[in-house]
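*Asks:* Hey, dropping start31.cif in here, mmCIF, N, CA and C atoms:
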```cif
data_data
loop_
_atom_site.label_atom_id
_atom_site.label_comp_id
_atom_site.auth_asym_id
_atom_site.auth_seq_id
_atom_site.Cartn_x
_atom_site.Cartn_y
_atom_site.Cartn_z
N MET U 1 -11.93 -8.27 11.26
CA MET U 1 -11.26 -9.29 10.53
C MET U 1 -10.19 -9.88 11.43
N ARG U 2 -10.04 -11.18 11.33
CA ARG U 2 -9.01 -11.87 12.09
C ARG U 2 -8.25 -12.79 11.14
N ALA U 3 -6.98 -12.88 11.30
CA ALA U 3 -6.16 -13.75 10.46
C ALA U 3 -5.24 -14.59 11.33
N ASP U 4 -5.04 -15.82 10.92
CA ASP U 4 -4.10 -16.70 11.59
C ASP U 4 -3.08 -17.17 10.57
N VAL U 5 -1.83 -17.22 10.97
CA VAL U 5 -0.77 -17.74 10.11
C VAL U 5 -0.31 -19.05 10.73
N VAL U 6 -0.24 -20.08 9.89
CA VAL U 6 0.11 -21.41 10.39
C VAL U 6 1.29 -21.95 9.60
N GLU U 7 2.27 -22.47 10.29
CA GLU U 7 3.40 -23.15 9.66
C GLU U 7 2.98 -24.60 9.44
N VAL U 8 2.69 -24.96 8.19
CA VAL U 8 2.12 -26.28 7.93
C VAL U 8 3.04 -27.43 8.31
N SER U 9 4.34 -27.20 8.32
CA SER U 9 5.24 -28.28 8.73
C SER U 9 5.08 -28.60 10.22
N GLU U 10 4.57 -27.64 10.99
CA GLU U 10 4.32 -27.86 12.41
C GLU U 10 2.91 -28.37 12.68
N PHE U 11 2.00 -28.20 11.71
CA PHE U 11 0.62 -28.63 11.86
C PHE U 11 0.18 -29.39 10.60
N PRO U 12 0.75 -30.56 10.37
CA PRO U 12 0.44 -31.29 9.13
C PRO U 12 -1.03 -31.66 8.99
N HIS U 13 -1.73 -31.81 10.10
CA HIS U 13 -3.16 -32.12 10.01
C HIS U 13 -3.94 -30.97 9.36
N LEU U 14 -3.50 -29.74 9.59
CA LEU U 14 -4.16 -28.60 8.94
C LEU U 14 -3.81 -28.55 7.45
N ALA U 15 -2.59 -28.91 7.11
CA ALA U 15 -2.19 -28.96 5.70
C ALA U 15 -3.04 -29.98 4.96
N GLN U 16 -3.31 -31.10 5.58
CA GLN U 16 -4.16 -32.11 4.95
C GLN U 16 -5.60 -31.65 4.88
N ARG U 17 -6.09 -31.08 5.96
CA ARG U 17 -7.49 -30.64 6.01
C ARG U 17 -7.80 -29.62 4.91
N TYR U 18 -6.87 -28.69 4.68
CA TYR U 18 -7.11 -27.62 3.72
C TYR U 18 -6.42 -27.86 2.38
N HIS U 19 -5.87 -29.06 2.19
CA HIS U 19 -5.25 -29.44 0.93
C HIS U 19 -4.20 -28.41 0.48
N VAL U 20 -3.26 -28.14 1.37
CA VAL U 20 -2.20 -27.16 1.09
C VAL U 20 -1.13 -27.81 0.22
N PHE U 21 -0.99 -27.29 -0.99
CA PHE U 21 0.04 -27.76 -1.91
C PHE U 21 1.00 -26.64 -2.27
N GLY U 22 0.66 -25.40 -1.91
CA GLY U 22 1.50 -24.25 -2.19
C GLY U 22 1.22 -23.16 -1.18
N VAL U 23 2.12 -22.21 -1.12
CA VAL U 23 1.94 -21.10 -0.19
C VAL U 23 2.08 -19.79 -0.94
N PRO U 24 1.43 -18.74 -0.52
CA PRO U 24 0.48 -18.77 0.59
C PRO U 24 -0.83 -19.44 0.19
N LYS U 25 -1.46 -20.06 1.16
CA LYS U 25 -2.79 -20.66 0.99
C LYS U 25 -3.72 -19.85 1.88
N VAL U 26 -4.78 -19.33 1.29
CA VAL U 26 -5.73 -18.50 2.03
C VAL U 26 -7.07 -19.23 2.06
N VAL U 27 -7.62 -19.34 3.26
CA VAL U 27 -8.95 -19.92 3.44
C VAL U 27 -9.78 -18.86 4.17
N ILE U 28 -10.92 -18.51 3.58
CA ILE U 28 -11.76 -17.46 4.15
C ILE U 28 -13.11 -18.05 4.54
N ASN U 29 -13.41 -17.99 5.83
CA ASN U 29 -14.69 -18.46 6.36
C ASN U 29 -15.02 -19.89 5.94
N GLU U 30 -14.01 -20.72 5.76
CA GLU U 30 -14.19 -22.11 5.37
C GLU U 30 -14.92 -22.26 4.03
N ARG U 31 -15.15 -21.18 3.30
CA ARG U 31 -15.94 -21.20 2.07
C ARG U 31 -15.11 -20.96 0.83
N VAL U 32 -14.14 -20.08 0.91
CA VAL U 32 -13.36 -19.68 -0.26
C VAL U 32 -11.89 -19.96 0.03
N GLN U 33 -11.22 -20.58 -0.94
CA GLN U 33 -9.80 -20.88 -0.80
C GLN U 33 -9.07 -20.52 -2.08
N PHE U 34 -7.82 -20.10 -1.92
CA PHE U 34 -6.97 -19.90 -3.09
C PHE U 34 -5.52 -19.97 -2.65
N GLU U 35 -4.65 -20.27 -3.61
CA GLU U 35 -3.22 -20.36 -3.34
C GLU U 35 -2.47 -19.34 -4.17
N GLY U 36 -1.36 -18.92 -3.62
CA GLY U 36 -0.48 -18.01 -4.33
C GLY U 36 -0.81 -16.56 -4.08
N ALA U 37 0.11 -15.72 -4.48
CA ALA U 37 -0.09 -14.27 -4.35
C ALA U 37 -1.05 -13.82 -5.44
N VAL U 38 -2.02 -13.01 -5.07
CA VAL U 38 -2.99 -12.50 -6.03
C VAL U 38 -3.03 -10.98 -5.93
N PRO U 39 -3.43 -10.31 -7.00
CA PRO U 39 -3.56 -8.85 -6.95
C PRO U 39 -4.61 -8.43 -5.91
N GLU U 40 -4.45 -7.23 -5.40
CA GLU U 40 -5.33 -6.72 -4.35
C GLU U 40 -6.81 -6.79 -4.74
N LYS U 41 -7.15 -6.43 -5.97
CA LYS U 41 -8.55 -6.46 -6.41
C LYS U 41 -9.11 -7.89 -6.37
N MET U 42 -8.30 -8.85 -6.77
CA MET U 42 -8.75 -10.24 -6.75
C MET U 42 -8.93 -10.72 -5.31
N PHE U 43 -8.00 -10.33 -4.43
CA PHE U 43 -8.11 -10.70 -3.02
C PHE U 43 -9.41 -10.15 -2.44
N LEU U 44 -9.71 -8.90 -2.73
CA LEU U 44 -10.95 -8.29 -2.25
C LEU U 44 -12.16 -9.04 -2.80
N SER U 45 -12.09 -9.44 -4.04
CA SER U 45 -13.17 -10.20 -4.65
C SER U 45 -13.42 -11.51 -3.89
N TYR U 46 -12.35 -12.19 -3.52
CA TYR U 46 -12.49 -13.42 -2.73
C TYR U 46 -13.11 -13.15 -1.36
N VAL U 47 -12.69 -12.08 -0.72
CA VAL U 47 -13.24 -11.72 0.59
C VAL U 47 -14.74 -11.44 0.47
N LEU U 48 -15.12 -10.68 -0.53
CA LEU U 48 -16.54 -10.38 -0.73
C LEU U 48 -17.33 -11.64 -1.04
N GLN U 49 -16.76 -12.52 -1.83
CA GLN U 49 -17.41 -13.78 -2.15
C GLN U 49 -17.64 -14.61 -0.88
N ALA U 50 -16.65 -14.67 -0.02
CA ALA U 50 -16.77 -15.43 1.23
C ALA U 50 -17.81 -14.82 2.15
N ALA U 51 -17.97 -13.50 2.08
CA ALA U 51 -18.94 -12.81 2.91
C ALA U 51 -20.34 -12.86 2.32
N GLY U 52 -20.46 -13.38 1.11
CA GLY U 52 -21.77 -13.47 0.47
C GLY U 52 -22.25 -12.16 -0.13
N VAL U 53 -21.29 -11.28 -0.44
CA VAL U 53 -21.62 -9.97 -1.03
C VAL U 53 -21.37 -10.04 -2.52
N GLU U 54 -22.36 -9.63 -3.30
CA GLU U 54 -22.19 -9.59 -4.74
C GLU U 54 -21.50 -8.31 -5.15
N GLU U 55 -20.55 -8.45 -6.07
CA GLU U 55 -19.85 -7.27 -6.56
C GLU U 55 -20.69 -6.58 -7.62
N SER U 56 -20.52 -5.27 -7.70
CA SER U 56 -21.25 -4.53 -8.74
C SER U 56 -20.32 -3.93 -9.75
#
```
Show me the file's structure as structure tokens.
*Replies:*
Amino acid sequence: MRADVVEVSEFPHLAQRYHVFGVPKVVINERVQFEGAVPEKMFLSYVLQAAGVEES
């Protein structure tokens, strides 16, 4: 897993590209996006969704 942290005020083109209206904004594999702090289980659900893994 790799993560990048970007200061949107320094990279406004990225803020526009990913429609950043709040922080934190998480984009996973260009497929799944969400804003705000989420519980760990929900975060894992988003990661699995981006990876194409169905939860059981």
*Asks:* Run through the PyMOL selection byres (((chain U and resi 6-20 and name CA) around 12) and name CA) on the given coordinates and return the selected residues as a list of chain:residue names.
*Replies:*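 Matching residues under the PyMOL selection byres (((chain U and resi 6-20 and name CA) around 12) and name CA) are U:Ala3, U:Asp4, U:Val5, U:Phe21, U:Gly22, U:Val23, U:Pro24, U:Lys25, U:Val26, U:Val27, U:Ile28, U:Glu30, U:Arg31, U:Val32, U:Gln33, U:Phe34, U:Glu35, U:Gly36.
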*Asks:* Could you please determine the separation between atom CA of Val47 of chain U and atom N of Asn29 of chain U in Å, to one decimal place?
*Replies:* 8.2 Å
*Asks:* List every residue of chain U that DSSP, applied to the backbone of this structure, assigns to strand (DSSP E or B), and report them as a list in words.
*Replies:*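 Filtering chain U to strand (DSSP E or B) leaves Lys25, Val26, Val27, Ile28, Val32, Gln33, Phe34 and Glu35 of chain U.
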*Asks:* Return as JSON the box centre and box size in Å, one decimal, for an axis-aligned box around all listed atoms of segment 48-54 of chain U padded by 5 Å per side.
*Replies:*
```
{"center_x": -18.7, "center_y": -11.9, "center_z": -1.1, "size_x": 17.2, "size_y": 17.1, "size_z": 18.1}
```
*Asks:* Please extract the residues of chain U with a backbone DSSP assignment of alpha helix (DSSP H) and present them as a PyMOL selection string.
*Replies:* chain U and resi 12-17+40-51
*Asks:* Could you check how far atom CA of Ala37 of chain U sits from atom N of Arg2 of chain U, in Å to one decimal?
*Replies:* 18.8 Å
*Asks:* As an exercise, work out the distance from atom C of Glu55 of chain U to atom C of Met1 of chain U in Å and give it to one decimal place.
*Replies:*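 So the two atoms, atom C of Glu55 of chain U and atom C of Met1 of chain U, lie 22.0 Å apart.
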*Asks:* Pull out chain U, keep C-alpha atoms, and write it as a PDB file, in the first residue's frame.
*Replies:*
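The resulting file, part-v8.pdb, is shown below:
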```
ATOM      1  CA  MET U   1       0.000   0.000   0.000  1.00  0.00           C
ATOM      2  CA  ARG U   2       1.190   3.485  -0.790  1.00  0.00           C
ATOM      3  CA  ALA U   3      -0.308   6.756   0.375  1.00  0.00           C
ATOM      4  CA  ASP U   4       0.330  10.336  -0.638  1.00  0.00           C
ATOM      5  CA  VAL U   5      -0.680  13.386   1.363  1.00  0.00           C
ATOM      6  CA  VAL U   6      -1.286  16.551  -0.622  1.00  0.00           C
ATOM      7  CA  GLU U   7      -1.805  20.099   0.619  1.00  0.00           C
ATOM      8  CA  VAL U   8      -4.577  21.216  -1.728  1.00  0.00           C
ATOM      9  CA  SER U   9      -3.764  24.903  -1.303  1.00  0.00           C
ATOM     10  CA  GLU U  10      -0.374  24.131  -2.883  1.00  0.00           C
ATOM     11  CA  PHE U  11      -1.851  21.939  -5.640  1.00  0.00           C
ATOM     12  CA  PRO U  12      -5.204  23.493  -6.603  1.00  0.00           C
ATOM     13  CA  HIS U  13      -5.343  21.489  -9.834  1.00  0.00           C
ATOM     14  CA  LEU U  14      -5.546  18.299  -7.754  1.00  0.00           C
ATOM     15  CA  ALA U  15      -8.289  19.807  -5.590  1.00  0.00           C
ATOM     16  CA  GLN U  16     -10.277  20.497  -8.745  1.00  0.00           C
ATOM     17  CA  ARG U  17      -9.537  17.118 -10.303  1.00  0.00           C
ATOM     18  CA  TYR U  18     -10.755  15.213  -7.240  1.00  0.00           C
ATOM     19  CA  HIS U  19     -13.513  17.664  -6.277  1.00  0.00           C
ATOM     20  CA  VAL U  20     -12.106  18.329  -2.809  1.00  0.00           C
ATOM     21  CA  PHE U  21     -14.635  20.211  -0.708  1.00  0.00           C
ATOM     22  CA  GLY U  22     -13.609  18.864   2.704  1.00  0.00           C
ATOM     23  CA  VAL U  23     -10.748  17.128   4.423  1.00  0.00           C
ATOM     24  CA  PRO U  24      -9.652  14.508   4.764  1.00  0.00           C
ATOM     25  CA  LYS U  25     -10.470  13.449   1.207  1.00  0.00           C
ATOM     26  CA  VAL U  26      -9.467   9.886   0.369  1.00  0.00           C
ATOM     27  CA  VAL U  27      -9.193   8.586  -3.181  1.00  0.00           C
ATOM     28  CA  ILE U  28      -8.394   4.893  -3.618  1.00  0.00           C
ATOM     29  CA  ASN U  29      -7.198   3.560  -6.976  1.00  0.00           C
ATOM     30  CA  GLU U  30      -9.056   6.374  -8.761  1.00  0.00           C
ATOM     31  CA  ARG U  31     -12.250   4.309  -8.159  1.00  0.00           C
ATOM     32  CA  VAL U  32     -13.489   5.025  -4.647  1.00  0.00           C
ATOM     33  CA  GLN U  33     -13.614   8.404  -2.934  1.00  0.00           C
ATOM     34  CA  PHE U  34     -14.915   9.677   0.378  1.00  0.00           C
ATOM     35  CA  GLU U  35     -14.531  12.704   2.610  1.00  0.00           C
ATOM     36  CA  GLY U  36     -14.248  13.040   6.330  1.00  0.00           C
ATOM     37  CA  ALA U  37     -13.126  10.763   9.108  1.00  0.00           C
ATOM     38  CA  VAL U  38     -14.780   7.351   8.967  1.00  0.00           C
ATOM     39  CA  PRO U  39     -14.718   4.391  11.361  1.00  0.00           C
ATOM     40  CA  GLU U  40     -12.033   1.778  10.730  1.00  0.00           C
ATOM     41  CA  LYS U  41     -14.531  -0.842   9.497  1.00  0.00           C
ATOM     42  CA  MET U  42     -15.962   1.579   6.953  1.00  0.00           C
ATOM     43  CA  PHE U  43     -12.468   2.550   5.783  1.00  0.00           C
ATOM     44  CA  LEU U  44     -11.634  -1.122   5.268  1.00  0.00           C
ATOM     45  CA  SER U  45     -14.874  -1.554   3.347  1.00  0.00           C
ATOM     46  CA  TYR U  46     -13.852   1.250   0.978  1.00  0.00           C
ATOM     47  CA  VAL U  47     -10.402  -0.293   0.482  1.00  0.00           C
ATOM     48  CA  LEU U  48     -11.919  -3.679  -0.330  1.00  0.00           C
ATOM     49  CA  GLN U  49     -14.395  -2.057  -2.697  1.00  0.00           C
ATOM     50  CA  ALA U  50     -11.568  -0.283  -4.540  1.00  0.00           C
ATOM     51  CA  ALA U  51      -9.676  -3.568  -4.785  1.00  0.00           C
ATOM     52  CA  GLY U  52     -12.724  -5.306  -6.244  1.00  0.00           C
ATOM     53  CA  VAL U  53     -13.105  -7.670  -3.287  1.00  0.00           C
ATOM     54  CA  GLU U  54     -16.596  -8.539  -2.128  1.00  0.00           C
ATOM     55  CA  GLU U  55     -17.175  -8.518   1.592  1.00  0.00           C
ATOM     56  CA  SER U  56     -18.715 -11.520   3.257  1.00  0.00           C
TER      57      SER U  56
END
```
